[in-house]
>>> print(open('target.csv').read())   # CSV, C-alpha atoms and all ligand atoms
chain,number,residue,atom,x,y,z
Z,1,ASN,CA,-39.9,-0.8,-11.0
Z,2,SER,CA,-36.6,-0.8,-9.4
Z,3,ARG,CA,-36.7,-2.4,-6.0
Z,4,TYR,CA,-33.6,-0.4,-5.0
Z,5,LYS,CA,-35.2,2.9,-6.0
Z,6,ASN,CA,-38.6,2.1,-4.6
Z,7,ASP,CA,-37.6,0.7,-1.3
Z,8,PHE,CA,-34.5,2.8,-0.3
Z,9,GLU,CA,-33.4,6.3,-0.1
Z,10,GLU,CA,-29.7,6.6,-1.0
Z,11,LEU,CA,-27.7,8.5,1.6
Z,12,CYS,CA,-24.1,8.3,0.7
Z,13,ALA,CA,-21.3,6.1,-0.6
Z,14,LEU,CA,-19.5,3.9,2.0
Z,15,GLY,CA,-16.9,2.3,0.0
Z,16,GLU,CA,-15.8,1.1,-3.4
Z,17,GLY,CA,-14.1,-2.2,-4.1
Z,18,ALA,CA,-13.0,-4.3,-7.0
Z,19,PHE,CA,-16.6,-5.5,-7.6
Z,20,GLY,CA,-18.7,-2.4,-7.2
Z,21,ARG,CA,-19.7,-0.1,-4.5
Z,22,VAL,CA,-21.3,0.0,-1.1
Z,23,MET,CA,-24.0,2.6,-0.4
Z,24,LYS,CA,-25.5,3.8,2.8
Z,25,VAL,CA,-29.3,3.8,2.4
Z,26,LEU,CA,-32.5,4.3,4.4
Z,27,HIS,CA,-35.2,1.8,4.1
Z,28,LYS,CA,-38.4,3.8,3.4
Z,29,THR,CA,-40.7,1.4,5.2
Z,30,ASP,CA,-38.9,0.3,8.3
Z,31,GLN,CA,-37.0,3.6,8.5
Z,32,GLN,CA,-33.8,1.7,9.3
Z,33,GLU,CA,-30.4,2.4,7.8
Z,34,TYR,CA,-28.6,-0.4,5.8
Z,35,ALA,CA,-25.6,-0.8,3.6
Z,36,VAL,CA,-26.3,-2.0,0.1
Z,37,LYS,CA,-23.5,-3.6,-1.9
Z,38,ILE,CA,-23.9,-3.2,-5.6
Z,39,VAL,CA,-21.9,-5.8,-7.6
Z,40,GLU,CA,-21.6,-5.6,-11.4
Z,41,LEU,CA,-22.5,-9.0,-12.9
Z,42,LYS,CA,-21.7,-10.6,-16.2
Z,43,TYR,CA,-23.9,-10.0,-19.2
Z,44,PRO,CA,-26.5,-11.5,-19.7
Z,45,TYR,CA,-28.2,-11.6,-16.3
Z,46,ASN,CA,-28.9,-15.3,-16.5
Z,47,HIS,CA,-25.2,-16.0,-17.0
Z,48,GLU,CA,-24.1,-19.2,-15.2
Z,49,SER,CA,-21.7,-17.4,-12.9
Z,50,ASN,CA,-24.4,-14.9,-11.9
Z,51,LYS,CA,-26.7,-17.7,-10.8
Z,52,LYS,CA,-23.9,-19.0,-8.6
Z,53,LEU,CA,-23.3,-15.5,-7.2
Z,54,LYS,CA,-27.0,-15.1,-6.4
Z,55,LYS,CA,-27.1,-18.5,-4.7
Z,56,GLU,CA,-24.0,-17.5,-2.7
Z,57,ALA,CA,-25.6,-14.3,-1.6
Z,58,GLU,CA,-28.8,-16.2,-0.5
Z,59,PHE,CA,-26.6,-18.6,1.4
Z,60,LEU,CA,-24.9,-15.8,3.2
Z,61,ALA,CA,-28.3,-14.3,4.1
Z,62,SER,CA,-29.0,-17.6,5.9
Z,63,LEU,CA,-26.1,-17.0,8.3
Z,64,SER,CA,-26.6,-15.2,11.5
Z,65,HIS,CA,-23.9,-14.5,14.1
Z,66,ASN,CA,-23.1,-11.5,16.2
Z,67,ASN,CA,-19.6,-11.3,14.7
Z,68,ILE,CA,-20.4,-11.5,11.0
Z,69,VAL,CA,-22.1,-8.8,8.9
Z,70,ARG,CA,-25.8,-9.8,8.6
Z,71,TYR,CA,-26.9,-10.1,5.0
Z,72,HIS,CA,-30.6,-9.4,4.8
Z,73,ALA,CA,-31.7,-9.7,1.2
Z,74,SER,CA,-30.3,-9.9,-2.4
Z,75,TRP,CA,-31.8,-9.3,-5.8
Z,76,ILE,CA,-30.7,-8.6,-9.4
Z,77,GLU,CA,-31.6,-5.5,-11.4
Z,78,THR,CA,-30.5,-4.5,-14.9
Z,79,TRP,CA,-29.2,-1.0,-15.4
Z,80,THR,CA,-27.5,0.9,-18.1
Z,81,LYS,CA,-24.0,1.9,-17.3
Z,82,SER,CA,-23.5,5.5,-18.5
Z,83,SER,CA,-20.0,6.8,-17.9
Z,84,CYS,CA,-20.0,7.1,-14.1
Z,85,ASN,CA,-23.4,6.9,-12.5
Z,86,LEU,CA,-25.9,4.1,-12.5
Z,87,GLU,CA,-29.0,4.7,-14.5
Z,88,GLN,CA,-31.7,2.1,-14.3
Z,89,CYS,CA,-32.8,0.4,-17.5
Z,90,THR,CA,-35.1,-2.6,-16.9
Z,91,ASP,CA,-35.9,-5.0,-14.3
Z,92,GLU,CA,-34.7,-8.6,-14.7
Z,93,SER,CA,-38.3,-9.8,-15.0
Z,94,THR,CA,-39.3,-7.4,-17.8
Z,95,GLY,CA,-38.2,-6.3,-21.2
Z,96,GLY,CA,-35.9,-9.2,-22.1
Z,97,THR,CA,-35.7,-8.3,-25.8
Z,98,GLU,CA,-33.4,-5.3,-25.3
Z,99,LYS,CA,-31.0,-7.4,-23.3
Z,100,THR,CA,-30.8,-10.4,-25.6
Z,101,SER,CA,-30.1,-8.2,-28.6
Z,102,LEU,CA,-26.9,-6.9,-27.1
Z,103,SER,CA,-23.7,-8.6,-28.2
Z,104,SER,CA,-21.1,-9.5,-25.6
Z,105,ASP,CA,-18.9,-6.8,-27.1
Z,106,ASP,CA,-21.2,-4.2,-25.6
Z,107,HIS,CA,-20.3,-5.4,-22.1
Z,108,GLY,CA,-18.8,-2.7,-20.1
Z,109,SER,CA,-18.9,0.0,-22.8
Z,110,THR,CA,-20.7,3.3,-22.2
Z,111,GLY,CA,-24.5,2.9,-22.3
Z,112,SER,CA,-24.6,-0.8,-22.3
Z,113,VAL,CA,-27.1,-2.8,-20.3
Z,114,ILE,CA,-25.6,-4.6,-17.3
Z,115,PRO,CA,-27.1,-6.7,-14.6
Z,116,TYR,CA,-26.2,-5.8,-11.0
Z,117,LEU,CA,-26.6,-7.8,-7.8
Z,118,PHE,CA,-27.9,-5.8,-4.9
Z,119,ILE,CA,-27.1,-7.0,-1.4
Z,120,GLN,CA,-28.8,-5.4,1.5
Z,121,MET,CA,-26.8,-5.8,4.7
Z,122,GLU,CA,-26.5,-4.6,8.2
Z,123,LEU,CA,-24.9,-1.2,8.4
Z,124,CYS,CA,-21.6,-0.8,10.3
Z,125,THR,CA,-20.0,2.4,11.4
Z,126,THR,CA,-16.4,1.8,10.6
Z,127,THR,CA,-13.8,-0.8,9.8
Z,128,LEU,CA,-11.1,-2.5,11.9
Z,129,ARG,CA,-8.6,-0.7,9.7
Z,130,SER,CA,-9.8,2.7,11.0
Z,131,VAL,CA,-10.0,1.4,14.6
Z,132,ILE,CA,-6.4,0.2,14.4
Z,133,ASP,CA,-5.1,3.4,12.7
Z,134,SER,CA,-6.9,5.8,15.0
Z,135,LYS,CA,-5.7,4.7,18.4
Z,136,HIS,CA,-3.5,2.5,20.6
Z,137,LEU,CA,-5.6,-0.4,21.9
Z,138,GLY,CA,-5.2,-1.6,25.4
Z,139,HIS,CA,-4.5,-5.3,25.9
Z,140,GLU,CA,-8.0,-6.0,27.3
Z,141,GLU,CA,-9.5,-4.2,24.3
Z,142,VAL,CA,-7.3,-6.3,22.0
Z,143,ALA,CA,-8.4,-9.5,23.7
Z,144,LYS,CA,-12.1,-8.6,23.4
Z,145,LEU,CA,-11.9,-7.6,19.7
Z,146,PHE,CA,-9.8,-10.6,18.9
Z,147,PHE,CA,-12.1,-13.0,20.8
Z,148,ASP,CA,-15.1,-11.7,18.9
Z,149,ILE,CA,-13.3,-12.0,15.5
Z,150,VAL,CA,-12.3,-15.6,16.3
Z,151,GLN,CA,-15.8,-16.5,17.3
Z,152,GLY,CA,-17.1,-15.0,14.0
Z,153,LEU,CA,-14.5,-16.9,12.0
Z,154,LYS,CA,-15.3,-20.1,13.8
Z,155,TYR,CA,-19.0,-19.7,12.8
Z,156,VAL,CA,-17.9,-19.0,9.2
Z,157,HIS,CA,-15.8,-22.1,9.1
Z,158,GLN,CA,-18.5,-24.2,10.7
Z,159,ASN,CA,-20.7,-23.3,7.8
Z,160,GLY,CA,-18.2,-24.5,5.3
Z,161,ILE,CA,-16.9,-21.1,4.2
Z,162,CYS,CA,-13.3,-20.2,3.8
Z,163,HIS,CA,-13.1,-16.4,3.8
Z,164,ARG,CA,-9.7,-16.1,2.0
Z,165,ASP,CA,-9.6,-12.3,2.2
Z,166,LEU,CA,-9.6,-11.7,5.9
Z,167,ASN,CA,-8.0,-8.3,6.6
Z,168,PRO,CA,-8.8,-5.2,8.6
Z,169,ASN,CA,-10.7,-3.6,5.7
Z,170,ASN,CA,-13.1,-6.6,5.6
Z,171,ILE,CA,-13.8,-6.6,9.3
Z,172,LEU,CA,-16.4,-4.0,10.0
Z,173,VAL,CA,-17.2,-2.5,13.4
Z,174,ASN,CA,-20.6,-1.5,14.5
Z,175,SER,CA,-21.7,1.4,16.7
Z,176,GLU,CA,-21.2,-0.7,19.8
Z,177,GLY,CA,-17.6,-1.4,18.8
Z,178,ARG,CA,-18.3,-5.0,18.0
Z,179,PRO,CA,-16.3,-6.4,15.1
Z,180,LYS,CA,-18.1,-8.2,12.3
Z,181,ILE,CA,-16.5,-10.2,9.5
Z,182,GLY,CA,-17.8,-9.1,6.1
Z,183,ASP,CA,-17.0,-9.3,2.5
Z,184,PHE,CA,-16.8,-13.0,2.2
Z,185,GLY,CA,-17.9,-15.6,-0.2
Z,186,LEU,CA,-18.5,-13.5,-3.2
Z,187,ALA,CA,-14.9,-13.0,-4.1
Z,188,ARG,CA,-14.3,-16.7,-4.2
Z,189,LEU,CA,-17.1,-17.1,-6.8
Z,190,THR,CA,-16.3,-14.0,-8.8
Z,191,SER,CA,-12.8,-15.2,-9.3
Z,192,GLY,CA,-14.1,-18.2,-11.1
Z,193,GLN,CA,-12.2,-21.4,-10.1
Z,194,CYS,CA,-12.3,-22.1,-6.4
Z,195,GLY,CA,-8.5,-22.6,-6.3
Z,196,LYS,CA,-7.8,-19.2,-7.8
Z,197,PRO,CA,-6.7,-16.6,-5.3
Z,198,THR,CA,-8.4,-13.1,-5.4
Z,199,THR,CA,-5.1,-11.3,-5.3
Z,200,LEU,CA,-5.5,-9.8,-8.8
Z,201,LEU,CA,-9.1,-8.8,-8.1
Z,202,SER,CA,-8.8,-6.9,-4.9
Z,203,LYS,CA,-8.4,-3.1,-4.9
Z,204,ASP,CA,-7.5,-2.9,-1.2
Z,205,VAL,CA,-3.9,-1.8,-1.0
Z,206,GLY,CA,-1.7,-4.3,0.9
Z,207,THR,CA,-4.2,-7.1,1.3
Z,208,GLU,CA,-1.6,-9.5,0.0
Z,209,LEU,CA,0.2,-8.9,3.3
Z,210,TYR,CA,-2.6,-10.8,5.0
Z,211,ARG,CA,-2.8,-13.7,2.6
Z,212,ALA,CA,-1.5,-17.2,3.6
Z,213,PRO,CA,1.6,-18.2,1.7
Z,214,GLU,CA,-0.2,-21.3,0.3
Z,215,LEU,CA,-2.9,-19.2,-1.4
Z,216,THR,CA,-0.5,-18.5,-4.2
Z,217,SER,CA,-0.3,-22.2,-5.0
Z,218,GLY,CA,-4.1,-22.7,-5.0
Z,219,ASP,CA,-3.9,-25.6,-2.6
Z,220,TYR,CA,-5.4,-24.4,0.6
Z,221,ASP,CA,-8.3,-24.8,3.1
Z,222,SER,CA,-9.7,-22.8,5.9
Z,223,CYS,CA,-6.3,-22.8,7.6
Z,224,ALA,CA,-5.5,-20.0,5.2
Z,225,ASP,CA,-7.8,-17.8,7.3
Z,226,LEU,CA,-5.8,-18.6,10.4
Z,227,TYR,CA,-2.7,-17.1,8.8
Z,228,SER,CA,-4.6,-13.8,8.1
Z,229,LEU,CA,-5.8,-13.9,11.6
Z,230,GLY,CA,-2.2,-13.9,12.8
Z,231,ILE,CA,-1.3,-10.8,10.9
Z,232,ILE,CA,-4.5,-9.1,12.2
Z,233,LEU,CA,-3.7,-10.0,15.8
Z,234,PHE,CA,-0.2,-8.6,15.4
Z,235,GLU,CA,-1.7,-5.3,14.1
Z,236,LEU,CA,-4.1,-5.1,17.0
Z,237,CYS,CA,-1.2,-5.5,19.4
Z,238,HIS,CA,1.4,-3.4,17.7
Z,239,GLN,CA,0.5,0.0,16.2
Z,240,MET,CA,2.6,1.1,13.2
Z,241,LYS,CA,3.0,4.7,12.2
Z,242,THR,CA,3.3,4.7,8.4
Z,243,GLY,CA,2.3,2.4,5.6
Z,244,GLN,CA,6.0,2.0,4.8
Z,245,GLU,CA,6.7,0.7,8.3
Z,246,ARG,CA,3.7,-1.5,8.2
Z,247,SER,CA,4.7,-3.2,4.9
Z,248,LYS,CA,8.3,-3.7,6.2
Z,249,VAL,CA,7.3,-5.1,9.5
Z,250,LEU,CA,4.6,-7.3,8.1
Z,251,SER,CA,7.0,-8.6,5.4
Z,252,ASN,CA,9.4,-9.7,8.1
Z,253,LEU,CA,6.6,-11.5,10.0
Z,254,ARG,CA,5.7,-13.3,6.8
Z,255,CYS,CA,9.1,-14.9,6.5
Z,256,GLU,CA,9.3,-18.5,7.3
Z,257,ALA,CA,11.3,-17.6,10.4
Z,258,ILE,CA,8.6,-15.2,11.6
Z,259,ILE,CA,10.7,-12.2,12.5
Z,260,PHE,CA,9.0,-9.9,15.0
Z,261,PRO,CA,10.2,-6.3,15.4
Z,262,ASP,CA,12.6,-5.6,18.3
Z,263,ASP,CA,10.1,-3.4,20.0
Z,264,PHE,CA,7.5,-6.1,20.1
Z,265,GLN,CA,8.3,-8.1,23.2
Z,266,PRO,CA,5.1,-8.6,25.2
Z,267,VAL,CA,5.9,-10.1,28.6
Z,268,GLY,CA,4.0,-11.6,31.5
Z,269,LYS,CA,0.3,-10.9,31.2
Z,270,LEU,CA,0.8,-10.0,27.5
Z,271,SER,CA,2.9,-12.9,26.3
Z,272,TRP,CA,-0.1,-14.7,24.8
Z,273,GLN,CA,-0.1,-12.1,22.1
Z,274,LYS,CA,3.3,-13.1,20.7
Z,275,GLU,CA,2.6,-16.8,21.3
Z,276,ILE,CA,-0.7,-16.9,19.4
Z,277,CYS,CA,0.8,-14.8,16.6
Z,278,SER,CA,3.7,-17.2,16.3
Z,279,TYR,CA,1.4,-20.2,16.1
Z,280,LEU,CA,-0.9,-18.6,13.6
Z,281,LEU,CA,1.8,-17.5,11.3
Z,282,LYS,CA,3.4,-20.9,10.8
Z,283,HIS,CA,3.9,-21.6,7.2
Z,284,PRO,CA,2.7,-25.3,7.3
Z,285,PRO,CA,-1.1,-24.8,7.5
Z,286,ALA,CA,-1.7,-27.8,9.7
Z,287,GLU,CA,0.6,-26.4,12.5
Z,288,ARG,CA,-1.4,-23.2,13.0
Z,289,MET,CA,-3.3,-22.8,16.2
Z,290,LYS,CA,-6.9,-23.9,16.0
Z,291,LEU,CA,-9.7,-21.4,16.7
Z,292,ASP,CA,-11.0,-23.3,19.7
Z,293,LYS,CA,-7.5,-23.3,21.2
Z,294,ILE,CA,-7.3,-19.5,20.8
Z,295,LEU,CA,-10.7,-19.1,22.5
Z,296,GLN,CA,-9.5,-21.3,25.4
Z,297,VAL,CA,-6.2,-19.4,25.8
Z,298,LEU,CA,-8.0,-16.1,25.9
Z,299,SER,CA,-10.7,-17.1,28.3
Z,300,GLU,CA,-7.9,-18.4,30.6
Z,301,GLU,CA,-5.9,-15.2,30.3
Z,302,TYR,CA,-9.0,-13.0,30.9
Z,303,PRO,CA,-11.3,-15.0,33.1
Z,304,LEU,CA,-13.2,-11.9,34.2
Z,305,GLN,CA,-14.0,-10.7,30.7
Z,306,GLU,CA,-17.6,-11.0,29.5
Z,307,PHE,CA,-16.5,-13.5,26.9
Z,308,ASN,CA,-19.3,-15.8,25.9
Z,309,ILE,CA,-18.1,-19.0,27.5
Z,310,SER,CA,-21.1,-21.0,26.2
Z,311,GLU,CA,-19.9,-20.5,22.7
Z,312,ILE,CA,-16.5,-22.0,23.5
Z,313,MET,CA,-18.0,-24.9,25.2
Z,314,ASP,CA,-20.1,-26.2,22.4
Z,315,LEU,CA,-17.1,-27.8,20.7
Z,316,ALA,CA,-15.0,-28.5,23.8
V,401,LIG,P1,-12.6,-5.6,-2.0
V,401,LIG,O1,-11.8,-4.8,-3.0
V,401,LIG,O2,-11.9,-5.6,-0.7
V,401,LIG,O3,-12.9,-7.0,-2.4
V,401,LIG,P2,-15.3,-5.2,-2.0
V,401,LIG,O4,-15.8,-4.6,-3.3
V,401,LIG,O5,-15.4,-6.6,-2.0
V,401,LIG,O6,-13.9,-4.7,-1.8
V,401,LIG,P3,-16.4,-4.7,0.6
V,401,LIG,O7,-15.1,-5.0,1.3
V,401,LIG,O8,-17.5,-5.5,0.9
V,401,LIG,O9,-16.3,-4.5,-0.9
V,401,LIG,O10,-16.8,-3.2,0.9
V,401,LIG,C1,-15.9,-2.1,0.6
V,401,LIG,C2,-15.9,-1.1,1.7
V,401,LIG,O11,-17.3,-0.6,1.9
V,401,LIG,C3,-15.5,-1.7,3.1
V,401,LIG,O12,-14.1,-1.7,3.2
V,401,LIG,C4,-16.2,-0.7,4.0
V,401,LIG,O13,-15.5,0.5,4.1
V,401,LIG,C5,-17.5,-0.4,3.3
V,401,LIG,N1,-18.6,-1.3,3.7
V,401,LIG,C6,-18.8,-2.6,3.2
V,401,LIG,N2,-19.8,-3.2,3.9
V,401,LIG,C7,-20.3,-2.3,4.8
V,401,LIG,C8,-21.3,-2.3,5.8
V,401,LIG,N3,-22.1,-3.4,6.0
V,401,LIG,N4,-21.4,-1.2,6.6
V,401,LIG,C9,-20.6,-0.1,6.4
V,401,LIG,N5,-19.6,-0.1,5.5
V,401,LIG,C10,-19.4,-1.1,4.7
V,402,MG,MG,-13.3,-5.6,0.9
V,403,MG,MG,-14.0,-8.3,-1.5
>>> encode(input="target.csv", output="structure tokens")
Amino acid sequence: NSRYKNDFEELCALGEGAFGRVMKVLHKTDQQEYAVKIVELKYPYNHESNKKLKKEAEFLASLSHNNIVRYHASWIETWTKSSCNLEQCTDESTGGTEKTSLSSDDHGSTGSVIPYLFIQMELCTTTLRSVIDSKHLGHEEVAKLFFDIVQGLKYVHQNGICHRDLNPNNILVNSEGRPKIGDFGLARLTSGQCGKPTTLLSKDVGTELYRAPELTSGDYDSCADLYSLGIILFELCHQMKTGQERSKVLSNLRCEAIIFPDDFQPVGKLSWQKEICSYLLKHPPAERMKLDKILQVLSEEYPLQEFNISEIMDLA
């Protein structure tokens, strides 16, 4: 009686992160493909932190915006964890005796019974990381991608969420090339205290390069996402060849003085790129450029683009 096994056909793995894995699946009934994120929970399944996580997933499923990954449904199933592959044990609603007889020492060891949270979401084709790495982006393309990301982030902030782990691996891209912010919310709750940054939990190499300086102190708000946005914009505008070059260049950008590389001197039509980056990368969070201001600047620079002006106007 596994909902996952009954309803979906597993196609392949899409990614693995600090909290579990993401699988590409086919829904047997509607014949649509989805991504299902499988997150390992704490034992037992009714652990207080699991309830919070489930609630968070349900909240995320209530969000709907073109530029954020759509969360369709979430549920908990209990499985045994035998060395590497998942083997289903019992459903959360059945066979409670087995689970309660396990001591907390069994958690994580071979063959123990572990609850997992399943999150069915919209399937995307790639990540912004792959898009950035695979080609040079023209300035109009950059403006379009960035405009969409900013709109998605605005919606996220309007709903009271601070992403905290915005980086090109967590921005997915669908088959139409539309960027979608993903992987938010859960990290905040899994790390326990709200003030605790996710640095130690993330497996993505180099994600600390996107983190706002104030995240280390634990005293931050949604302005922390603006900082990450600044690094992402820079990467959209300036392709770097190696990981080594990237970490060197980004480390310089992260200095309080915000040191841009010598070969990044956008002029004329492109000067907005450096200007917005400079404003987003300011260390004092309150001085960073606001999302509405960014949308305004972009729509003035690119008046003929199909930017969704109505979205900008709703807060103007
Ligand atoms: P992290 O270590 O960054 O916290 P995570 O466990 O939180 O990782 P995600 O970032 O949500 O997991 O997903 C990991 C990877 O799986 C992504 O970088 C992406 O490659 C892939 N992925 C996640 N969601 C989707 C999706 N909806 N469609 C396609 N691929 C996805
Ligand atoms: Mg991630
Ligand atoms: Mg994550």
>>> closest_residue(input="target.csv", among="Z:Val39, Z:Ile258, Z:Ile276, Z:Leu137", to="ligand MG 403 (chain V)", atoms="all atoms listed in the file")
Z:Val39
>>> atom_distance(input="target.csv", atom1="atom C9 of ligand LIG 401 (chain V)", atom2="CA of Cys124 in chain Z")
4.1 Å
>>> residues_near_ligand(input="target.csv", ligand="ligand LIG 401 (chain V)", cutoff="6 Å", atoms="only C-alpha atoms and all ligand atoms", output="PDB file with C-alpha atoms, in the frame of the given file")
ATOM      1  CA  LEU Z  14     -19.500   3.900   2.000  1.00  0.00           C
ATOM      2  CA  GLY Z  15     -16.900   2.300   0.000  1.00  0.00           C
ATOM      3  CA  GLU Z  16     -15.800   1.100  -3.400  1.00  0.00           C
ATOM      4  CA  GLY Z  17     -14.100  -2.200  -4.100  1.00  0.00           C
ATOM      5  CA  ALA Z  18     -13.000  -4.300  -7.000  1.00  0.00           C
ATOM      6  CA  PHE Z  19     -16.600  -5.500  -7.600  1.00  0.00           C
ATOM      7  CA  GLY Z  20     -18.700  -2.400  -7.200  1.00  0.00           C
ATOM      8  CA  VAL Z  22     -21.300   0.000  -1.100  1.00  0.00           C
ATOM      9  CA  ALA Z  35     -25.600  -0.800   3.600  1.00  0.00           C
ATOM     10  CA  MET Z 121     -26.800  -5.800   4.700  1.00  0.00           C
ATOM     11  CA  GLU Z 122     -26.500  -4.600   8.200  1.00  0.00           C
ATOM     12  CA  LEU Z 123     -24.900  -1.200   8.400  1.00  0.00           C
ATOM     13  CA  CYS Z 124     -21.600  -0.800  10.300  1.00  0.00           C
ATOM     14  CA  THR Z 125     -20.000   2.400  11.400  1.00  0.00           C
ATOM     15  CA  ASN Z 169     -10.700  -3.600   5.700  1.00  0.00           C
ATOM     16  CA  ASN Z 170     -13.100  -6.600   5.600  1.00  0.00           C
ATOM     17  CA  ASP Z 183     -17.000  -9.300   2.500  1.00  0.00           C
ATOM     18  CA  SER Z 202      -8.800  -6.900  -4.900  1.00  0.00           C
ATOM     19  CA  LYS Z 203      -8.400  -3.100  -4.900  1.00  0.00           C
ATOM     20  CA  ASP Z 204      -7.500  -2.900  -1.200  1.00  0.00           C
TER      21      ASP Z 204
END
>>> closest_residue(input="target.csv", among="Z:Ala224, Z:Leu153, Z:Leu233, Z:Ala257", to="Leu291 in chain Z", atoms="all atoms listed in the file")
Z:Leu153
>>> atom_distance(input="target.csv", atom1="CA of Phe264 in chain Z", atom2="CA of Asp148 in chain Z")
23.3 Å
>>> closest_residue(input="target.csv", among="Z:Leu253, Z:Leu226, Z:Ile181, Z:Ala13", to="ligand MG 403 (chain V)", atoms="all atoms listed in the file")
Z:Ile181
